[in-house]
Amino acid sequence: MAELHLYDVLRRPVITEKSSGMMEANNQYVFEVHKDANKPQIRQAVETIFDVKVVKINTLILPAKRGVRGRHEYRRSQEWKKAIVTLAPGDKIEMFEV
């Protein structure tokens with residue numbers, strides 16, 4: 001397995017109603033990350049790119065969505081990995097503040 005570059009670890013921020021509530025209440029931010037990224041790589045990427053202190057990281061792999069059309073079952077997307085990053089009190093990621 002090839003080593004992931006720092007900017008390949010984080011794919012995109014996940015901005016939903018639930019993740020917005022997590023930002024305000026718990027200082028947690030949600031990212032879609034590379035499927036092969038581990039917690040130390042995610043921590044290093046977030047701390048380096050956004051210049052913040054990471055306290056905790058939770059990761060989970062979400063399954064592909066399935067659909068049914070007639071008698072045929074299909075997948076609408078591939079599975080992906082999500083990281084919930086908790087920052088130290090007082091730290092913020094400014095790009096989320098809209």
# chains A, B, ... in the order shown; residues from 1 in each chain; ligands from 1
>>> select_by_dssp(residues="region 31-73 of chain A", states="strand (DSSP E or B)", output="ChimeraX atom specification")
/A:31-33,54-62,66-69,72-73
>>> write_last_selection(atoms="N, CA and C atoms", output="PDB file, in the first residue's frame")
ATOM      1  N   PHE A  31     -15.646  14.831   8.360  1.00  0.00           N
ATOM      2  CA  PHE A  31     -14.981  14.816   7.062  1.00  0.00           C
ATOM      3  C   PHE A  31     -15.175  13.461   6.403  1.00  0.00           C
ATOM      4  N   GLU A  32     -15.263  13.471   5.066  1.00  0.00           N
ATOM      5  CA  GLU A  32     -15.100  12.233   4.314  1.00  0.00           C
ATOM      6  C   GLU A  32     -13.602  12.085   4.112  1.00  0.00           C
ATOM      7  N   VAL A  33     -13.064  10.907   4.436  1.00  0.00           N
ATOM      8  CA  VAL A  33     -11.624  10.682   4.350  1.00  0.00           C
ATOM      9  C   VAL A  33     -11.337   9.513   3.414  1.00  0.00           C
ATOM     10  N   VAL A  54      -6.210  18.552  17.690  1.00  0.00           N
ATOM     11  CA  VAL A  54      -7.220  17.497  17.682  1.00  0.00           C
ATOM     12  C   VAL A  54      -7.156  16.730  18.996  1.00  0.00           C
ATOM     13  N   VAL A  55      -8.319  16.554  19.635  1.00  0.00           N
ATOM     14  CA  VAL A  55      -8.407  15.833  20.897  1.00  0.00           C
ATOM     15  C   VAL A  55      -8.760  14.366  20.659  1.00  0.00           C
ATOM     16  N   LYS A  56      -9.718  14.118  19.751  1.00  0.00           N
ATOM     17  CA  LYS A  56     -10.229  12.762  19.563  1.00  0.00           C
ATOM     18  C   LYS A  56     -10.718  12.592  18.132  1.00  0.00           C
ATOM     19  N   ILE A  57     -10.616  11.357  17.616  1.00  0.00           N
ATOM     20  CA  ILE A  57     -11.108  11.032  16.280  1.00  0.00           C
ATOM     21  C   ILE A  57     -11.904   9.736  16.343  1.00  0.00           C
ATOM     22  N   ASN A  58     -13.104   9.756  15.778  1.00  0.00           N
ATOM     23  CA  ASN A  58     -13.913   8.553  15.595  1.00  0.00           C
ATOM     24  C   ASN A  58     -14.061   8.327  14.104  1.00  0.00           C
ATOM     25  N   THR A  59     -13.876   7.089  13.648  1.00  0.00           N
ATOM     26  CA  THR A  59     -14.038   6.785  12.232  1.00  0.00           C
ATOM     27  C   THR A  59     -15.076   5.691  12.057  1.00  0.00           C
ATOM     28  N   LEU A  60     -15.764   5.733  10.924  1.00  0.00           N
ATOM     29  CA  LEU A  60     -16.697   4.680  10.588  1.00  0.00           C
ATOM     30  C   LEU A  60     -16.796   4.565   9.076  1.00  0.00           C
ATOM     31  N   ILE A  61     -17.059   3.339   8.615  1.00  0.00           N
ATOM     32  CA  ILE A  61     -17.214   3.091   7.197  1.00  0.00           C
ATOM     33  C   ILE A  61     -18.700   2.919   6.922  1.00  0.00           C
ATOM     34  N   LEU A  62     -19.218   3.761   6.044  1.00  0.00           N
ATOM     35  CA  LEU A  62     -20.636   3.731   5.708  1.00  0.00           C
ATOM     36  C   LEU A  62     -20.846   2.859   4.475  1.00  0.00           C
ATOM     37  N   ARG A  66     -28.321   1.074  -1.352  1.00  0.00           N
ATOM     38  CA  ARG A  66     -28.904   0.102  -2.277  1.00  0.00           C
ATOM     39  C   ARG A  66     -30.271   0.591  -2.728  1.00  0.00           C
ATOM     40  N   GLY A  67     -30.643   0.171  -3.924  1.00  0.00           N
ATOM     41  CA  GLY A  67     -31.939   0.531  -4.459  1.00  0.00           C
ATOM     42  C   GLY A  67     -32.563  -0.670  -5.145  1.00  0.00           C
ATOM     43  N   VAL A  68     -33.858  -0.606  -5.366  1.00  0.00           N
ATOM     44  CA  VAL A  68     -34.564  -1.683  -6.038  1.00  0.00           C
ATOM     45  C   VAL A  68     -35.398  -1.057  -7.154  1.00  0.00           C
ATOM     46  N   ARG A  69     -35.250  -1.583  -8.328  1.00  0.00           N
ATOM     47  CA  ARG A  69     -36.061  -1.143  -9.459  1.00  0.00           C
ATOM     48  C   ARG A  69     -36.647  -2.396 -10.088  1.00  0.00           C
ATOM     49  N   HIS A  72     -34.856  -5.926  -9.892  1.00  0.00           N
ATOM     50  CA  HIS A  72     -33.405  -5.787  -9.875  1.00  0.00           C
ATOM     51  C   HIS A  72     -32.947  -4.919  -8.713  1.00  0.00           C
ATOM     52  N   GLU A  73     -31.941  -5.400  -8.032  1.00  0.00           N
ATOM     53  CA  GLU A  73     -31.352  -4.660  -6.931  1.00  0.00           C
ATOM     54  C   GLU A  73     -30.015  -4.108  -7.404  1.00  0.00           C
TER      55      GLU A  73
END
>>> residues_around(residues="region 88-96 of chain A", least_positions_apart="4", cutoff="9 Å", atoms="only C-alpha atoms", output="PyMOL selection string")
chain A and resi 13+15+20+23+27+29+50-56
>>> residues_around(residues="region 4-8 of chain A", least_positions_apart="6", cutoff="8 Å", atoms="only C-alpha atoms", output="PyMOL selection string")
chain A and resi 34+37+41+44-45
>>> atom_distance(atom1="CA of Ser77 (chain A)", atom2="CA of Pro63 (chain A)")
8.8 Å
>>> atom_distance(atom1="CA of Glu79 (chain A)", atom2="CA of Leu10 (chain A)")
15.7 Å
>>> atom_distance(atom1="CA of Ile42 (chain A)", atom2="CA of Gln28 (chain A)")
13.9 Å
>>> select_by_dssp(residues="region 4-53 of chain A", states="helix (DSSP H, G or I)", output="JSON list (two decimals) with N, CA and C atoms, in the first residue's frame")
[["chain", "number", "residue", "atom", "x", "y", "z"],
["A", 6, "LEU", "N", -0.51, 14.05, 2.51],
["A", 6, "LEU", "CA", -1.27, 14.77, 3.53],
["A", 6, "LEU", "C", -2.60, 15.31, 2.99],
["A", 7, "TYR", "N", -2.57, 15.83, 1.77],
["A", 7, "TYR", "CA", -3.79, 16.41, 1.19],
["A", 7, "TYR", "C", -4.69, 15.38, 0.53],
["A", 8, "ASP", "N", -4.27, 14.11, 0.46],
["A", 8, "ASP", "CA", -5.12, 13.05, -0.06],
["A", 8, "ASP", "C", -5.95, 12.38, 1.03],
["A", 9, "VAL", "N", -5.60, 12.63, 2.28],
["A", 9, "VAL", "CA", -6.30, 11.99, 3.40],
["A", 9, "VAL", "C", -7.71, 12.55, 3.53],
["A", 17, "GLU", "N", -27.31, 18.87, 8.57],
["A", 17, "GLU", "CA", -27.94, 19.48, 9.73],
["A", 17, "GLU", "C", -27.38, 18.88, 11.02],
["A", 18, "LYS", "N", -27.17, 17.58, 11.02],
["A", 18, "LYS", "CA", -26.63, 16.92, 12.21],
["A", 18, "LYS", "C", -25.19, 17.34, 12.48],
["A", 19, "SER", "N", -24.36, 17.41, 11.43],
["A", 19, "SER", "CA", -22.96, 17.80, 11.64],
["A", 19, "SER", "C", -22.85, 19.27, 12.07],
["A", 20, "SER", "N", -23.77, 20.12, 11.61],
["A", 20, "SER", "CA", -23.77, 21.51, 12.06],
["A", 20, "SER", "C", -24.08, 21.61, 13.54],
["A", 21, "GLY", "N", -25.00, 20.78, 14.01],
["A", 21, "GLY", "CA", -25.31, 20.74, 15.44],
["A", 21, "GLY", "C", -24.14, 20.24, 16.26],
["A", 22, "MET", "N", -23.41, 19.26, 15.71],
["A", 22, "MET", "CA", -22.23, 18.74, 16.40],
["A", 22, "MET", "C", -21.14, 19.80, 16.50],
["A", 23, "MET", "N", -21.01, 20.65, 15.47],
["A", 23, "MET", "CA", -20.01, 21.72, 15.50],
["A", 23, "MET", "C", -20.31, 22.70, 16.62],
["A", 24, "GLU", "N", -21.57, 23.09, 16.73],
["A", 24, "GLU", "CA", -21.94, 24.09, 17.73],
["A", 24, "GLU", "C", -21.92, 23.53, 19.15],
["A", 25, "ALA", "N", -22.42, 22.32, 19.33],
["A", 25, "ALA", "CA", -22.56, 21.77, 20.68],
["A", 25, "ALA", "C", -21.27, 21.14, 21.22],
["A", 26, "ASN", "N", -20.56, 20.39, 20.38],
["A", 26, "ASN", "CA", -19.44, 19.58, 20.88],
["A", 26, "ASN", "C", -18.09, 19.93, 20.28],
["A", 39, "LYS", "N", -6.26, 6.75, 11.88],
["A", 39, "LYS", "CA", -6.47, 7.88, 12.78],
["A", 39, "LYS", "C", -5.25, 8.80, 12.91],
["A", 40, "PRO", "N", -4.02, 8.26, 13.04],
["A", 40, "PRO", "CA", -2.87, 9.17, 13.10],
["A", 40, "PRO", "C", -2.70, 10.02, 11.83],
["A", 41, "GLN", "N", -2.99, 9.45, 10.67],
["A", 41, "GLN", "CA", -2.89, 10.23, 9.43],
["A", 41, "GLN", "C", -3.96, 11.31, 9.38],
["A", 42, "ILE", "N", -5.17, 10.99, 9.83],
["A", 42, "ILE", "CA", -6.25, 11.98, 9.84],
["A", 42, "ILE", "C", -5.91, 13.10, 10.81],
["A", 43, "ARG", "N", -5.40, 12.74, 12.00],
["A", 43, "ARG", "CA", -5.00, 13.75, 13.00],
["A", 43, "ARG", "C", -3.94, 14.69, 12.43],
["A", 44, "GLN", "N", -2.91, 14.13, 11.80],
["A", 44, "GLN", "CA", -1.83, 14.94, 11.24],
["A", 44, "GLN", "C", -2.36, 15.85, 10.14],
["A", 45, "ALA", "N", -3.24, 15.35, 9.29],
["A", 45, "ALA", "CA", -3.78, 16.15, 8.20],
["A", 45, "ALA", "C", -4.60, 17.32, 8.72],
["A", 46, "VAL", "N", -5.49, 17.07, 9.68],
["A", 46, "VAL", "CA", -6.34, 18.14, 10.20],
["A", 46, "VAL", "C", -5.51, 19.17, 10.95],
["A", 47, "GLU", "N", -4.57, 18.71, 11.79],
["A", 47, "GLU", "CA", -3.76, 19.65, 12.56],
["A", 47, "GLU", "C", -2.86, 20.50, 11.66],
["A", 48, "THR", "N", -2.33, 19.91, 10.59],
["A", 48, "THR", "CA", -1.44, 20.65, 9.70],
["A", 48, "THR", "C", -2.21, 21.61, 8.79],
["A", 49, "ILE", "N", -3.27, 21.14, 8.18],
["A", 49, "ILE", "CA", -4.00, 21.95, 7.21],
["A", 49, "ILE", "C", -4.75, 23.10, 7.88],
["A", 50, "PHE", "N", -5.40, 22.84, 9.01],
["A", 50, "PHE", "CA", -6.25, 23.86, 9.65],
["A", 50, "PHE", "C", -5.61, 24.52, 10.86]]
>>> decode(residues="region 2-67 of chain A", atoms="C-alpha atoms", output="mmCIF file, in the first residue's frame")
data_model
loop_
_atom_site.group_PDB
_atom_site.id
_atom_site.type_symbol
_atom_site.label_atom_id
_atom_site.label_comp_id
_atom_site.auth_asym_id
_atom_site.auth_seq_id
_atom_site.Cartn_x
_atom_site.Cartn_y
_atom_site.Cartn_z
ATOM 1 C CA ALA A 2 1.397 3.385 -0.996
ATOM 2 C CA GLU A 3 1.777 6.138 1.582
ATOM 3 C CA LEU A 4 -1.012 8.727 1.429
ATOM 4 C CA HIS A 5 -0.054 12.352 0.865
ATOM 5 C CA LEU A 6 -1.274 14.775 3.528
ATOM 6 C CA TYR A 7 -3.789 16.411 1.193
ATOM 7 C CA ASP A 8 -5.123 13.051 -0.064
ATOM 8 C CA VAL A 9 -6.297 11.990 3.401
ATOM 9 C CA LEU A 10 -9.174 14.502 3.679
ATOM 10 C CA ARG A 11 -11.596 14.269 0.758
ATOM 11 C CA ARG A 12 -14.307 16.790 1.681
ATOM 12 C CA PRO A 13 -16.154 18.194 4.667
ATOM 13 C CA VAL A 14 -19.559 16.681 5.383
ATOM 14 C CA ILE A 15 -22.019 19.495 6.045
ATOM 15 C CA THR A 16 -25.442 18.318 7.153
ATOM 16 C CA GLU A 17 -27.935 19.477 9.732
ATOM 17 C CA LYS A 18 -26.630 16.918 12.212
ATOM 18 C CA SER A 19 -22.963 17.799 11.644
ATOM 19 C CA SER A 20 -23.770 21.511 12.058
ATOM 20 C CA GLY A 21 -25.309 20.743 15.440
ATOM 21 C CA MET A 22 -22.229 18.740 16.403
ATOM 22 C CA MET A 23 -20.015 21.721 15.496
ATOM 23 C CA GLU A 24 -21.944 24.088 17.728
ATOM 24 C CA ALA A 25 -22.562 21.769 20.684
ATOM 25 C CA ASN A 26 -19.439 19.582 20.881
ATOM 26 C CA ASN A 27 -16.785 21.299 18.730
ATOM 27 C CA GLN A 28 -16.800 18.263 16.403
ATOM 28 C CA TYR A 29 -16.242 18.401 12.645
ATOM 29 C CA VAL A 30 -17.102 15.690 10.116
ATOM 30 C CA PHE A 31 -14.981 14.816 7.062
ATOM 31 C CA GLU A 32 -15.100 12.233 4.314
ATOM 32 C CA VAL A 33 -11.624 10.682 4.350
ATOM 33 C CA HIS A 34 -9.663 8.281 2.173
ATOM 34 C CA LYS A 35 -10.733 4.708 2.842
ATOM 35 C CA ASP A 36 -7.157 3.610 3.673
ATOM 36 C CA ALA A 37 -6.453 6.538 6.040
ATOM 37 C CA ASN A 38 -5.926 5.701 9.705
ATOM 38 C CA LYS A 39 -6.469 7.885 12.778
ATOM 39 C CA PRO A 40 -2.867 9.171 13.104
ATOM 40 C CA GLN A 41 -2.893 10.226 9.427
ATOM 41 C CA ILE A 42 -6.250 11.978 9.843
ATOM 42 C CA ARG A 43 -5.000 13.747 12.996
ATOM 43 C CA GLN A 44 -1.830 14.940 11.238
ATOM 44 C CA ALA A 45 -3.780 16.146 8.197
ATOM 45 C CA VAL A 46 -6.344 18.138 10.203
ATOM 46 C CA GLU A 47 -3.755 19.654 12.557
ATOM 47 C CA THR A 48 -1.437 20.654 9.698
ATOM 48 C CA ILE A 49 -4.004 21.948 7.211
ATOM 49 C CA PHE A 50 -6.246 23.856 9.648
ATOM 50 C CA ASP A 51 -3.676 24.686 12.386
ATOM 51 C CA VAL A 52 -5.810 23.316 15.256
ATOM 52 C CA LYS A 53 -5.324 20.792 18.077
ATOM 53 C CA VAL A 54 -7.220 17.497 17.682
ATOM 54 C CA VAL A 55 -8.407 15.833 20.897
ATOM 55 C CA LYS A 56 -10.229 12.762 19.563
ATOM 56 C CA ILE A 57 -11.108 11.032 16.280
ATOM 57 C CA ASN A 58 -13.913 8.553 15.595
ATOM 58 C CA THR A 59 -14.038 6.785 12.232
ATOM 59 C CA LEU A 60 -16.697 4.680 10.588
ATOM 60 C CA ILE A 61 -17.214 3.091 7.197
ATOM 61 C CA LEU A 62 -20.636 3.731 5.708
ATOM 62 C CA PRO A 63 -22.052 1.075 3.372
ATOM 63 C CA ALA A 64 -23.140 1.673 -0.206
ATOM 64 C CA LYS A 65 -26.747 2.716 -0.643
ATOM 65 C CA ARG A 66 -28.904 0.102 -2.277
ATOM 66 C CA GLY A 67 -31.939 0.531 -4.459
#
